[in-house]
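Colleague: input-v2.txt is reproduced in full below (compact mmCIF, C-alpha atoms).
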```txt
# COMPACT_ATOMS: atom_id res chain seq x y z
CA MET Q 1489 18.14 92.67 -39.54
CA GLY Q 1490 14.99 90.94 -40.77
CA GLU Q 1491 11.62 92.62 -40.17
CA LYS Q 1492 11.90 96.40 -40.22
CA VAL Q 1493 11.38 98.02 -36.84
CA SER Q 1494 9.28 101.18 -36.81
CA PRO Q 1495 10.51 103.92 -34.46
CA PHE Q 1496 6.88 105.03 -33.95
CA GLU Q 1497 5.60 101.91 -32.19
CA PRO Q 1498 4.98 101.85 -28.41
CA LYS Q 1499 8.07 101.87 -26.24
CA ILE Q 1500 9.49 98.49 -25.25
CA TRP Q 1501 10.50 98.85 -21.61
CA LEU Q 1502 13.36 97.32 -19.69
CA SER Q 1503 11.16 96.21 -16.77
CA SER Q 1504 7.97 98.04 -15.89
CA PRO Q 1505 5.36 97.19 -13.23
CA THR Q 1506 2.80 94.53 -14.12
CA MET Q 1507 -0.49 95.16 -12.32
CA HIS Q 1508 -3.38 92.73 -11.92
CA GLY Q 1509 -6.25 94.40 -10.03
CA PRO Q 1510 -6.14 93.19 -6.41
CA GLU Q 1511 -3.47 95.83 -5.73
CA LEU Q 1512 -6.03 98.59 -6.25
CA GLU Q 1513 -8.60 96.82 -4.08
CA TYR Q 1514 -6.21 96.58 -1.13
CA MET Q 1515 -5.19 100.24 -1.57
CA LYS Q 1516 -8.87 101.19 -1.70
CA LYS Q 1517 -9.52 99.23 1.48
CA ALA Q 1518 -6.75 101.14 3.26
CA TYR Q 1519 -8.37 104.38 2.10
CA GLU Q 1520 -11.91 103.40 3.04
CA THR Q 1521 -10.93 102.17 6.50
CA ASN Q 1522 -8.65 105.20 7.01
CA TRP Q 1523 -5.55 103.07 7.68
CA MET Q 1524 -3.32 105.36 5.63
CA SER Q 1525 -0.20 105.46 7.82
CA THR Q 1526 2.45 102.89 8.74
CA VAL Q 1527 0.18 100.38 10.47
CA GLY Q 1528 -2.64 98.25 9.13
CA GLU Q 1529 -3.84 94.95 7.75
CA ASN Q 1530 -1.97 95.27 4.44
CA ILE Q 1531 1.39 95.57 6.21
CA ASN Q 1532 0.67 92.62 8.47
CA GLU Q 1533 -0.48 90.42 5.61
CA ALA Q 1534 2.38 91.40 3.27
CA GLU Q 1535 4.90 90.53 5.99
CA ARG Q 1536 3.18 87.20 6.62
CA LEU Q 1537 3.12 86.26 2.93
CA VAL Q 1538 6.81 87.09 2.47
CA CYS Q 1539 7.79 85.02 5.52
CA GLU Q 1540 5.75 82.14 4.09
CA LYS Q 1541 7.48 82.41 0.70
CA ILE Q 1542 11.06 82.85 1.96
CA GLY Q 1543 10.84 80.51 4.94
CA CYS Q 1544 12.06 83.11 7.42
CA ARG Q 1545 10.46 83.77 10.81
CA TYR Q 1546 10.23 87.56 10.64
CA ALA Q 1547 9.77 90.22 7.96
CA VAL Q 1548 9.68 93.94 8.68
CA ALA Q 1549 8.09 96.08 5.95
CA LEU Q 1550 10.11 99.24 5.31
CA SER Q 1551 10.05 102.23 2.97
CA SER Q 1552 12.70 100.82 0.60
CA GLY Q 1553 15.22 98.06 0.08
CA THR Q 1554 17.90 100.62 0.93
CA ALA Q 1555 16.25 101.27 4.30
CA ALA Q 1556 16.25 97.51 4.91
CA LEU Q 1557 19.96 97.32 4.09
CA HIS Q 1558 20.67 100.24 6.41
CA MET Q 1559 18.86 98.49 9.25
CA ALA Q 1560 20.79 95.29 8.50
CA VAL Q 1561 24.13 97.11 8.69
CA LYS Q 1562 23.06 98.69 11.97
CA LEU Q 1563 21.99 95.29 13.35
CA ALA Q 1564 25.36 93.84 12.35
CA GLY Q 1565 27.00 96.44 14.58
CA VAL Q 1566 29.20 98.11 11.96
CA LYS Q 1567 31.12 100.95 13.60
CA THR Q 1568 32.91 104.02 12.24
CA GLY Q 1569 36.14 103.07 10.48
CA GLU Q 1570 35.40 99.32 10.32
CA ARG Q 1571 35.94 97.61 6.98
CA VAL Q 1572 33.05 95.68 5.45
CA PHE Q 1573 33.39 93.35 2.44
CA CYS Q 1574 30.82 94.13 -0.28
CA SER Q 1575 29.85 92.81 -3.70
CA ASP Q 1576 31.56 94.91 -6.35
CA LEU Q 1577 29.30 94.41 -9.37
CA THR Q 1578 26.04 95.82 -8.01
CA PHE Q 1579 23.94 98.96 -7.64
CA ASP Q 1580 25.33 101.42 -5.12
CA ALA Q 1581 22.32 100.93 -2.83
CA THR Q 1582 24.02 97.69 -1.76
CA VAL Q 1583 27.02 99.62 -0.49
CA ASN Q 1584 25.84 103.07 0.63
CA PRO Q 1585 24.21 101.86 3.90
CA VAL Q 1586 27.63 100.67 5.07
CA VAL Q 1587 28.82 104.26 4.76
CA TYR Q 1588 25.70 105.56 6.54
CA GLU Q 1589 26.99 103.78 9.65
CA GLY Q 1590 30.57 104.98 9.14
CA GLY Q 1591 31.84 101.68 7.74
CA VAL Q 1592 34.45 101.43 5.00
CA PRO Q 1593 33.44 99.23 2.03
CA VAL Q 1594 36.08 96.92 0.59
CA PHE Q 1595 34.95 95.52 -2.75
CA ILE Q 1596 35.23 91.84 -3.67
CA ASP Q 1597 35.58 91.01 -7.36
CA THR Q 1598 33.06 89.04 -9.38
CA GLU Q 1599 33.19 85.54 -10.85
CA TYR Q 1600 32.05 84.68 -14.37
CA ASP Q 1601 29.80 81.72 -13.52
CA THR Q 1602 27.02 83.77 -11.91
CA TRP Q 1603 28.32 87.37 -12.09
CA ASN Q 1604 28.28 87.48 -8.29
CA MET Q 1605 30.87 87.72 -5.51
CA ASP Q 1606 33.85 85.43 -6.13
CA PRO Q 1607 34.45 83.03 -3.19
CA ILE Q 1608 38.15 82.80 -4.13
CA ALA Q 1609 38.50 86.59 -4.05
CA LEU Q 1610 36.63 86.64 -0.72
CA THR Q 1611 39.11 84.14 0.72
CA LYS Q 1612 41.96 86.34 -0.50
CA ALA Q 1613 40.29 89.38 1.06
CA PHE Q 1614 40.25 87.76 4.51
CA GLU Q 1615 43.98 87.10 4.14
CA ILE Q 1616 44.51 90.83 3.56
CA TYR Q 1617 41.90 92.09 6.06
CA PRO Q 1618 41.46 89.31 8.70
CA GLU Q 1619 39.63 91.66 11.08
CA VAL Q 1620 36.51 92.01 8.90
CA LYS Q 1621 33.32 90.63 10.49
CA VAL Q 1622 30.55 91.67 8.06
CA VAL Q 1623 30.08 90.68 4.40
CA VAL Q 1624 27.35 92.16 2.17
CA ILE Q 1625 26.47 89.80 -0.69
CA ALA Q 1626 24.16 90.75 -3.58
CA HIS Q 1627 22.47 88.42 -6.08
CA LEU Q 1628 22.87 90.19 -9.43
CA TYR Q 1629 19.90 90.53 -11.80
CA GLY Q 1630 17.98 87.79 -9.98
CA THR Q 1631 20.70 85.11 -10.12
CA PRO Q 1632 21.85 83.52 -6.84
CA GLY Q 1633 25.52 83.60 -5.98
CA LYS Q 1634 27.61 80.58 -4.93
CA MET Q 1635 26.13 80.59 -1.46
CA ASP Q 1636 27.60 77.33 -0.14
CA GLU Q 1637 31.13 78.51 -0.91
CA LEU Q 1638 30.55 82.06 0.28
CA LYS Q 1639 28.93 80.90 3.54
CA LYS Q 1640 31.80 78.51 4.17
CA VAL Q 1641 34.38 81.29 3.85
CA CYS Q 1642 32.39 83.61 6.11
CA ARG Q 1643 31.88 80.86 8.69
CA GLN Q 1644 35.62 80.15 8.78
CA HIS Q 1645 36.25 83.80 9.69
CA GLY Q 1646 33.28 84.33 11.99
CA ALA Q 1647 31.74 86.91 9.66
CA VAL Q 1648 28.07 87.85 9.50
CA ILE Q 1649 26.38 87.76 6.08
CA ILE Q 1650 24.03 90.56 5.07
CA GLU Q 1651 22.18 89.32 2.00
CA ASP Q 1652 21.02 91.81 -0.60
CA ALA Q 1653 18.24 89.91 -2.37
CA ALA Q 1654 16.68 93.11 -3.73
CA GLU Q 1655 16.81 91.83 -7.32
CA SER Q 1656 16.35 88.11 -6.62
CA PHE Q 1657 13.05 87.74 -4.74
CA GLY Q 1658 11.67 84.32 -5.71
CA ALA Q 1659 15.04 82.91 -6.85
CA ALA Q 1660 16.38 79.79 -5.14
CA TYR Q 1661 19.76 78.14 -4.52
CA LYS Q 1662 19.67 74.38 -3.85
CA GLY Q 1663 15.97 74.70 -3.09
CA VAL Q 1664 16.43 77.52 -0.56
CA GLN Q 1665 14.97 80.94 -1.35
CA THR Q 1666 17.33 83.89 -1.59
CA GLY Q 1667 16.56 86.07 1.39
CA LYS Q 1668 17.12 83.10 3.68
CA PHE Q 1669 20.94 82.96 3.52
CA GLY Q 1670 21.85 86.04 5.50
CA VAL Q 1671 21.71 86.56 9.23
CA TYR Q 1672 19.92 89.67 7.97
CA SER Q 1673 18.50 89.74 4.43
CA CYS Q 1674 16.80 92.41 2.37
CA ILE Q 1675 14.36 92.53 -0.54
CA SER Q 1676 13.06 95.43 -2.62
CA PHE Q 1677 9.66 96.32 -4.07
CA ASN Q 1678 10.91 99.20 -6.21
CA GLY Q 1679 8.88 100.00 -9.32
CA ASN Q 1680 10.96 97.87 -11.70
CA LYS Q 1681 11.32 94.79 -9.46
CA ILE Q 1682 9.64 91.44 -10.14
CA ILE Q 1683 7.12 92.24 -7.37
CA THR Q 1684 6.50 95.94 -6.82
CA GLY Q 1685 4.81 98.27 -4.40
CA SER Q 1686 6.01 101.27 -6.45
CA SER Q 1687 8.47 101.51 -3.56
CA GLY Q 1688 9.20 99.63 -0.36
CA GLY Q 1689 11.34 96.78 0.90
CA MET Q 1690 11.66 94.32 3.76
CA LEU Q 1691 14.21 93.24 6.35
CA LEU Q 1692 14.15 89.44 6.77
CA THR Q 1693 15.57 87.51 9.73
CA ASP Q 1694 15.02 84.52 12.00
CA ASN Q 1695 16.02 86.60 15.03
CA GLU Q 1696 13.04 87.98 16.96
CA ASP Q 1697 15.11 90.56 18.87
CA ALA Q 1698 16.56 91.86 15.59
CA ALA Q 1699 13.10 92.17 14.05
CA ASN Q 1700 11.81 94.03 17.08
CA LYS Q 1701 14.77 96.40 17.02
CA VAL Q 1702 14.08 97.26 13.38
CA ARG Q 1703 10.38 97.83 14.08
CA LYS Q 1704 11.44 100.28 16.79
CA TRP Q 1705 14.26 102.00 14.89
CA SER Q 1706 12.14 102.40 11.77
CA THR Q 1707 9.43 104.30 13.69
CA GLN Q 1708 11.78 106.94 15.17
CA ALA Q 1709 12.90 104.65 18.02
CA ARG Q 1710 9.99 105.65 20.22
CA GLU Q 1711 10.10 104.06 23.67
CA ASN Q 1712 7.15 102.32 25.33
CA ALA Q 1713 6.04 105.37 27.30
CA PRO Q 1714 2.80 107.44 27.41
CA TRP Q 1715 4.66 110.35 25.82
CA TYR Q 1716 7.23 110.61 23.03
CA GLN Q 1717 10.32 109.20 24.71
CA HIS Q 1718 13.48 108.68 22.65
CA GLU Q 1719 16.66 107.09 24.02
CA GLU Q 1720 18.41 106.16 20.76
CA LEU Q 1721 18.58 107.35 17.16
CA GLY Q 1722 15.53 106.48 15.09
CA TYR Q 1723 14.44 106.64 11.44
CA ASN Q 1724 11.25 107.19 9.48
CA TYR Q 1725 11.58 103.94 7.54
CA ARG Q 1726 8.31 102.02 8.02
CA MET Q 1727 6.27 101.05 4.95
CA SER Q 1728 2.95 102.78 4.35
CA ASN Q 1729 -0.17 100.61 4.63
CA VAL Q 1730 -1.17 101.95 1.19
CA ILE Q 1731 2.09 100.79 -0.44
CA ALA Q 1732 1.74 97.50 1.43
CA GLY Q 1733 -1.63 97.09 -0.29
CA VAL Q 1734 0.12 97.10 -3.67
CA VAL Q 1735 2.71 94.58 -2.43
CA ARG Q 1736 -0.01 92.39 -0.91
CA GLY Q 1737 -1.91 92.38 -4.20
CA GLN Q 1738 1.25 91.57 -6.18
CA LEU Q 1739 2.62 88.70 -4.09
CA PRO Q 1740 0.24 85.97 -5.35
CA TYR Q 1741 1.55 86.64 -8.88
CA LEU Q 1742 5.25 86.03 -8.12
CA LYS Q 1743 5.31 82.57 -9.69
CA GLU Q 1744 3.55 83.89 -12.81
CA HIS Q 1745 5.98 86.81 -13.13
CA ILE Q 1746 8.99 84.50 -12.83
CA ALA Q 1747 7.58 82.20 -15.53
CA GLN Q 1748 7.10 85.20 -17.85
CA LYS Q 1749 10.64 86.43 -17.19
CA LYS Q 1750 12.03 82.95 -17.81
CA ARG Q 1751 10.25 82.72 -21.18
CA ILE Q 1752 11.81 86.03 -22.16
CA TYR Q 1753 15.29 84.79 -21.19
CA LYS Q 1754 14.83 81.56 -23.17
CA ARG Q 1755 13.57 83.40 -26.25
CA TYR Q 1756 16.66 85.60 -26.19
CA GLU Q 1757 18.84 82.54 -25.76
CA GLU Q 1758 17.27 80.95 -28.85
CA GLY Q 1759 16.95 84.13 -30.92
CA LEU Q 1760 20.58 85.20 -30.45
CA LYS Q 1761 22.09 81.84 -31.44
CA GLY Q 1762 24.88 82.20 -33.95
CA LEU Q 1763 25.95 85.60 -32.65
CA PRO Q 1764 29.19 86.00 -30.69
CA VAL Q 1765 27.29 86.64 -27.44
CA VAL Q 1766 26.25 84.71 -24.34
CA MET Q 1767 23.40 85.32 -21.90
CA ASN Q 1768 23.97 86.17 -18.23
CA PRO Q 1769 24.85 82.77 -16.69
CA TYR Q 1770 23.56 80.82 -13.72
CA ASP Q 1771 24.35 77.52 -12.02
CA LYS Q 1772 21.92 75.19 -13.82
CA GLU Q 1773 22.61 72.36 -11.37
CA ASN Q 1774 22.00 74.24 -8.15
CA SER Q 1775 20.03 77.42 -8.71
CA GLU Q 1776 16.85 78.74 -10.25
CA PRO Q 1777 16.99 82.49 -10.94
CA ASN Q 1778 13.94 84.71 -11.03
CA TYR Q 1779 15.22 85.96 -14.44
CA TRP Q 1780 14.50 89.56 -13.41
CA LEU Q 1781 16.69 91.00 -16.19
CA SER Q 1782 18.01 89.19 -19.24
CA CYS Q 1783 21.52 90.35 -20.12
CA LEU Q 1784 24.07 89.52 -22.77
CA LEU Q 1785 27.85 89.51 -22.86
CA ILE Q 1786 29.72 90.05 -26.13
CA GLU Q 1787 32.64 87.69 -26.75
CA PRO Q 1788 36.00 89.51 -26.51
CA GLU Q 1789 36.94 88.84 -30.13
CA ALA Q 1790 33.62 90.36 -31.32
CA MET Q 1791 34.05 93.65 -29.47
CA CYS Q 1792 34.63 96.73 -31.59
CA LYS Q 1793 36.73 99.51 -30.06
CA GLN Q 1794 34.82 101.22 -27.24
CA ILE Q 1795 35.96 103.83 -24.75
CA ARG Q 1796 33.89 105.00 -21.82
CA GLY Q 1797 34.52 108.18 -19.88
CA GLU Q 1798 32.71 109.19 -16.70
CA GLN Q 1799 29.50 110.18 -18.51
CA GLU Q 1800 30.04 109.56 -22.20
CA ALA Q 1801 31.18 106.74 -24.46
CA ILE Q 1802 32.48 106.45 -28.01
CA TYR Q 1803 33.10 103.49 -30.29
CA ILE Q 1804 34.39 102.70 -33.77
CA ARG Q 1805 32.05 100.65 -35.96
CA GLU Q 1806 33.58 97.42 -37.30
CA ASN Q 1807 32.13 94.74 -39.57
CA LYS Q 1808 30.89 91.64 -37.71
CA LYS Q 1809 31.66 93.33 -34.38
CA SER Q 1810 29.76 95.48 -31.94
CA CYS Q 1811 29.80 96.80 -28.36
CA PRO Q 1812 27.25 97.69 -25.66
CA THR Q 1813 27.34 101.38 -26.62
CA GLU Q 1814 26.37 100.67 -30.22
CA ILE Q 1815 23.65 98.18 -29.33
CA LEU Q 1816 22.09 100.52 -26.77
CA GLU Q 1817 22.20 103.39 -29.26
CA GLN Q 1818 20.45 101.29 -31.90
CA LEU Q 1819 17.82 100.03 -29.47
CA SER Q 1820 17.09 103.59 -28.40
CA LYS Q 1821 16.53 104.65 -32.02
CA TYR Q 1822 13.65 102.19 -32.16
CA ASN Q 1823 12.09 103.27 -28.86
CA ILE Q 1824 13.49 100.25 -27.04
CA GLU Q 1825 14.91 100.62 -23.54
CA GLY Q 1826 18.15 98.86 -22.62
CA ARG Q 1827 20.71 99.54 -19.93
CA PRO Q 1828 24.44 99.11 -19.34
CA ILE Q 1829 25.52 96.53 -16.79
CA TRP Q 1830 26.03 98.06 -13.33
CA LYS Q 1831 29.32 99.93 -13.26
CA PRO Q 1832 31.42 98.17 -10.59
CA MET Q 1833 31.68 99.96 -7.27
CA HIS Q 1834 35.48 100.09 -7.31
CA MET Q 1835 35.26 102.09 -10.57
CA GLN Q 1836 32.86 104.67 -9.12
CA PRO Q 1837 34.44 108.07 -8.34
CA ILE Q 1838 32.98 108.06 -4.83
CA TYR Q 1839 34.68 104.74 -3.97
CA ARG Q 1840 37.92 104.86 -5.96
CA MET Q 1841 40.05 105.08 -2.82
CA ASN Q 1842 38.44 102.02 -1.24
CA GLY Q 1843 40.00 98.57 -1.19
CA PHE Q 1844 39.31 96.19 -4.06
CA VAL Q 1845 40.28 92.50 -3.98
CA THR Q 1846 40.46 90.07 -6.91
CA ARG Q 1847 41.16 86.35 -6.75
CA GLU Q 1848 44.86 87.21 -7.14
CA GLY Q 1849 44.95 89.76 -4.33
CA ASN Q 1850 44.91 93.54 -4.17
CA GLY Q 1851 43.13 94.70 -7.33
CA ARG Q 1852 44.17 98.32 -6.81
CA ALA Q 1853 47.83 97.35 -7.11
CA LYS Q 1854 47.10 96.07 -10.63
CA THR Q 1855 45.10 99.05 -11.84
CA ASN Q 1856 47.96 100.51 -13.87
CA ALA Q 1857 48.29 97.20 -15.72
CA TYR Q 1858 44.78 97.41 -17.16
CA VAL Q 1859 44.64 97.89 -20.88
CA GLU Q 1860 41.76 97.57 -23.31
CA GLY Q 1861 40.16 94.20 -22.55
CA GLY Q 1862 41.71 94.06 -19.07
CA ALA Q 1863 44.86 92.53 -17.62
CA VAL Q 1864 44.88 88.73 -17.60
CA GLY Q 1865 45.67 86.47 -14.64
CA LYS Q 1866 47.34 83.06 -14.48
CA ASP Q 1867 44.12 81.27 -15.49
CA GLY Q 1868 43.79 83.40 -18.64
CA ARG Q 1869 40.81 85.30 -17.26
CA ALA Q 1870 40.55 89.02 -16.67
CA LEU Q 1871 41.99 90.08 -13.33
CA ASP Q 1872 39.15 92.56 -12.89
CA VAL Q 1873 36.12 90.47 -13.79
CA GLY Q 1874 33.55 93.10 -12.86
CA MET Q 1875 35.16 95.67 -15.12
CA ASP Q 1876 35.27 93.12 -17.96
CA ILE Q 1877 31.55 92.31 -17.63
CA PHE Q 1878 30.71 96.02 -17.44
CA GLN Q 1879 32.70 96.73 -20.62
CA ARG Q 1880 31.22 93.86 -22.64
CA GLY Q 1881 27.70 93.44 -21.22
CA LEU Q 1882 24.28 95.06 -21.35
CA CYS Q 1883 20.77 94.54 -19.95
CA LEU Q 1884 18.05 93.72 -22.47
CA PRO Q 1885 14.34 94.61 -22.37
CA SER Q 1886 12.81 92.10 -19.95
CA ASP Q 1887 9.34 93.49 -19.41
CA ASN Q 1888 6.68 90.92 -18.46
CA LYS Q 1889 4.26 92.47 -20.94
CA MET Q 1890 6.65 92.38 -23.90
CA THR Q 1891 5.13 90.27 -26.68
CA ALA Q 1892 7.04 87.65 -28.67
CA LYS Q 1893 6.73 89.94 -31.70
CA GLN Q 1894 8.25 92.86 -29.79
CA GLN Q 1895 11.06 90.65 -28.55
CA ASP Q 1896 11.75 89.50 -32.10
CA LYS Q 1897 12.23 93.16 -33.01
CA VAL Q 1898 14.72 93.59 -30.17
CA ILE Q 1899 16.60 90.55 -31.40
CA GLY Q 1900 16.55 91.94 -34.95
CA VAL Q 1901 18.13 95.20 -33.82
CA ILE Q 1902 20.88 93.32 -31.97
CA ARG Q 1903 21.58 91.12 -34.97
CA SER Q 1904 21.88 94.17 -37.22
CA CYS Q 1905 24.71 95.48 -35.04
CA PHE Q 1906 26.87 92.47 -35.96
CA GLU Q 1907 26.31 92.71 -39.72
```
Let's see the structure in the file written out as structure tokens.
Modeller:
Amino acid sequence: MGEKVSPFEPKIWLSSPTMHGPELEYMKKAYETNWMSTVGENINEAERLVCEKIGCRYAVALSSGTAALHMAVKLAGVKTGERVFCSDLTFDATVNPVVYEGGVPVFIDTEYDTWNMDPIALTKAFEIYPEVKVVVIAHLYGTPGKMDELKKVCRQHGAVIIEDAAESFGAAYKGVQTGKFGVYSCISFNGNKIITGSSGGMLLTDNEDAANKVRKWSTQARENAPWYQHEELGYNYRMSNVIAGVVRGQLPYLKEHIAQKKRIYKRYEEGLKGLPVVMNPYDKENSEPNYWLSCLLIEPEAMCKQIRGEQEAIYIRENKKSCPTEILEQLSKYNIEGRPIWKPMHMQPIYRMNGFVTREGNGRAKTNAYVEGGAVGKDGRALDVGMDIFQRGLCLPSDNKMTAKQQDKVIGVIRSCFE
């Protein structure tokens, strides 16, 4: 594997916060001026800067990206028992807010070109469930989905798009920033995101009434009265002015963070040449990711035998072959943090009874046909693309502060797994 990696060197992180200094100054200002609650200059300025970057008219700073998604689902008017189409290959925070409002998620399979929602599967889903009026679309690992195609399908069926841009802040599709494609869009400032507040998120929209509703709902839906008057359900979702100080201090460094992440992606791309792997893809003609996480996908013929249960996995070592479980085990031995690809929502125990649609129709009807490597459709591709990517893929260390030397060590560990 080339240079020997010492297990005693500092941990190489997947994606940790990168601080610069102004964050502390803005937090200190909130402290010194006693604006420690959910109002203040930091909130106002963070909202303004995000609107300026995304090109939206309104941004509402909230306690988390999940809170923003919940408010978006509420704005979209999802009612108890109503089906909502959702990205399948994503973190469950994309989907849970639908359930908060009593909605029933139906999962749309993934396509290989960007690892995002498949427009063909979405078209098929509307044939099966023509009544659906809300679609939640996530941009995985900072890579924009096929938004022209997805928007066209939704427009044909009169469906509202809720855009989960939690992982893709700063990414663009055909020159338009993610966070601008939904009627309601959401971003996250969680501790591992490309811009962080340690926590926090924002609801983005061009609709003034919607923004005002969220400002009200997120502060316990207090009415404009001299006493505490409440006429509808409210939430404690507003962002703290202290957290907003961190976000405000981070925002000017977005371009720099993206450039650092891109360099990491390109170094992996070069350093892993000759191995039977590919990097997480994106549409080079139409999109520019923010490269939040660099991921790799092992070619099917180079996969050793791997079986995953609900909480454990086993594999059989084979010459010239490997699998995500082995690579992650080896990285961990050298104090290097990696992560499996998100386990698709339709495979999660909590959502196993929900609908799941592939480009060939009802994915649940084909479940019994799945064998190791997945059942194959007419085009020779896996019928369940999300499951295939989950089985063969993993997230690599993508920390802004990772040095080229540290990244070379990561690459060396990966190479050793295919020896």
Colleague: Hey, what's within 10 Å of segment 1695-1702 of chain Q if we count all atoms listed in the file and toss same-chain stuff fewer than 5 positions away? As a ChimeraX atom specification, please?
Modeller: /Q:1544-1550,1556,1559-1560,1562-1564,1671-1672,1707,1709,1722-1723,1725-1726
Colleague: Determine the axis-aligned bounding box of all atoms of segment 1726-1733 of chain Q present in the file, pad each side by 4 Å, and express its centre and edge lengths in Å to one decimal place as AutoDock Vina command-line options.
Modeller:
```
--center_x 3.3 --center_y 99.9 --center_z 3.8 --size_x 17.9 --size_y 13.7 --size_z 16.5
```
Colleague: From the list Q:Val1730, Q:Ala1892, Q:Ile1829, Q:Ala1647, which residue is nearest Phe1614 of chain Q when using all atoms listed in the file?
Modeller: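 Selected residue with least distance to Phe1614 of chain Q: Q:Ala1647.
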Colleague: May I ask which of the residues Q:Met1727, Q:Leu1628, Q:Ile1786, Q:Leu1816 is the closest one to Ala1801 of chain Q, counting only C-alpha atoms?
Modeller: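 Once distances to Ala1801 of chain Q are computed over only C-alpha atoms, the minimum belongs to Q:Leu1816.
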Colleague: Ranking Q:Ile1804, Q:Ile1877, Q:Pro1593, Q:Gly1528 by minimum distance to Ile1838 of chain Q and counting all atoms listed in the file, which one comes first?
Modeller: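 With all atoms listed in the file as the atom set, the closest residue is Q:Pro1593.
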Colleague: Let me make sure I understand: among Q:Leu1785, Q:Ile1649, Q:Ala1609, Q:Leu1502, which one has the smallest atom-to-atom distance to Asp1876 of chain Q if we use only C-alpha atoms?
Modeller: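 The closest residue to Asp1876 of chain Q is Q:Leu1785.
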Colleague: Taking into account only C-alpha atoms, which residue in the set Q:Lys1499, Q:Lys1516, Q:His1645, Q:Arg1710 is nearest to Lys1612 of chain Q?
Modeller: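 Going through Q:Lys1499, Q:Lys1516, Q:His1645, Q:Arg1710 one by one, the smallest distance to Lys1612 of chain Q is for Q:His1645.
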Colleague: Missing atoms in segment 1869-1885 of chain Q need filling: write out N, CA and C atoms for it as a PDB file, in the frame of the given file.
Modeller:
```pdb
ATOM      1  N   ARG Q1869      42.007  84.465 -17.400  1.00  0.00           N
ATOM      2  CA  ARG Q1869      40.810  85.300 -17.260  1.00  0.00           C
ATOM      3  C   ARG Q1869      41.220  86.707 -16.850  1.00  0.00           C
ATOM      4  N   ALA Q1870      40.280  87.635 -17.061  1.00  0.00           N
ATOM      5  CA  ALA Q1870      40.550  89.020 -16.670  1.00  0.00           C
ATOM      6  C   ALA Q1870      40.779  89.096 -15.170  1.00  0.00           C
ATOM      7  N   LEU Q1871      41.753  89.891 -14.761  1.00  0.00           N
ATOM      8  CA  LEU Q1871      41.990  90.080 -13.330  1.00  0.00           C
ATOM      9  C   LEU Q1871      40.834  90.816 -12.694  1.00  0.00           C
ATOM     10  N   ASP Q1872      40.275  91.775 -13.379  1.00  0.00           N
ATOM     11  CA  ASP Q1872      39.150  92.560 -12.890  1.00  0.00           C
ATOM     12  C   ASP Q1872      37.904  92.095 -13.640  1.00  0.00           C
ATOM     13  N   VAL Q1873      37.242  91.083 -13.092  1.00  0.00           N
ATOM     14  CA  VAL Q1873      36.120  90.470 -13.790  1.00  0.00           C
ATOM     15  C   VAL Q1873      34.934  91.429 -13.897  1.00  0.00           C
ATOM     16  N   GLY Q1874      34.667  92.162 -12.821  1.00  0.00           N
ATOM     17  CA  GLY Q1874      33.550  93.100 -12.860  1.00  0.00           C
ATOM     18  C   GLY Q1874      33.713  94.140 -13.947  1.00  0.00           C
ATOM     19  N   MET Q1875      34.909  94.684 -14.079  1.00  0.00           N
ATOM     20  CA  MET Q1875      35.160  95.670 -15.120  1.00  0.00           C
ATOM     21  C   MET Q1875      34.957  95.042 -16.509  1.00  0.00           C
ATOM     22  N   ASP Q1876      35.402  93.811 -16.677  1.00  0.00           N
ATOM     23  CA  ASP Q1876      35.270  93.120 -17.960  1.00  0.00           C
ATOM     24  C   ASP Q1876      33.795  92.943 -18.330  1.00  0.00           C
ATOM     25  N   ILE Q1877      32.980  92.499 -17.363  1.00  0.00           N
ATOM     26  CA  ILE Q1877      31.550  92.310 -17.630  1.00  0.00           C
ATOM     27  C   ILE Q1877      30.884  93.648 -17.923  1.00  0.00           C
ATOM     28  N   PHE Q1878      31.260  94.676 -17.188  1.00  0.00           N
ATOM     29  CA  PHE Q1878      30.710  96.020 -17.440  1.00  0.00           C
ATOM     30  C   PHE Q1878      31.046  96.484 -18.853  1.00  0.00           C
ATOM     31  N   GLN Q1879      32.273  96.254 -19.295  1.00  0.00           N
ATOM     32  CA  GLN Q1879      32.700  96.730 -20.620  1.00  0.00           C
ATOM     33  C   GLN Q1879      32.013  95.969 -21.748  1.00  0.00           C
ATOM     34  N   ARG Q1880      31.729  94.689 -21.539  1.00  0.00           N
ATOM     35  CA  ARG Q1880      31.220  93.860 -22.640  1.00  0.00           C
ATOM     36  C   ARG Q1880      29.732  93.516 -22.545  1.00  0.00           C
ATOM     37  N   GLY Q1881      29.071  93.890 -21.428  1.00  0.00           N
ATOM     38  CA  GLY Q1881      27.700  93.440 -21.220  1.00  0.00           C
ATOM     39  C   GLY Q1881      26.664  94.537 -21.273  1.00  0.00           C
ATOM     40  N   LEU Q1882      25.404  94.138 -21.428  1.00  0.00           N
ATOM     41  CA  LEU Q1882      24.280  95.060 -21.350  1.00  0.00           C
ATOM     42  C   LEU Q1882      23.019  94.322 -20.941  1.00  0.00           C
ATOM     43  N   CYS Q1883      22.066  95.079 -20.371  1.00  0.00           N
ATOM     44  CA  CYS Q1883      20.770  94.540 -19.950  1.00  0.00           C
ATOM     45  C   CYS Q1883      19.759  94.739 -21.078  1.00  0.00           C
ATOM     46  N   LEU Q1884      19.018  93.697 -21.388  1.00  0.00           N
ATOM     47  CA  LEU Q1884      18.050  93.720 -22.470  1.00  0.00           C
ATOM     48  C   LEU Q1884      16.640  93.965 -21.945  1.00  0.00           C
ATOM     49  N   PRO Q1885      15.731  94.463 -22.804  1.00  0.00           N
ATOM     50  CA  PRO Q1885      14.340  94.610 -22.370  1.00  0.00           C
ATOM     51  C   PRO Q1885      13.809  93.285 -21.838  1.00  0.00           C
TER      52      PRO Q1885
END
```
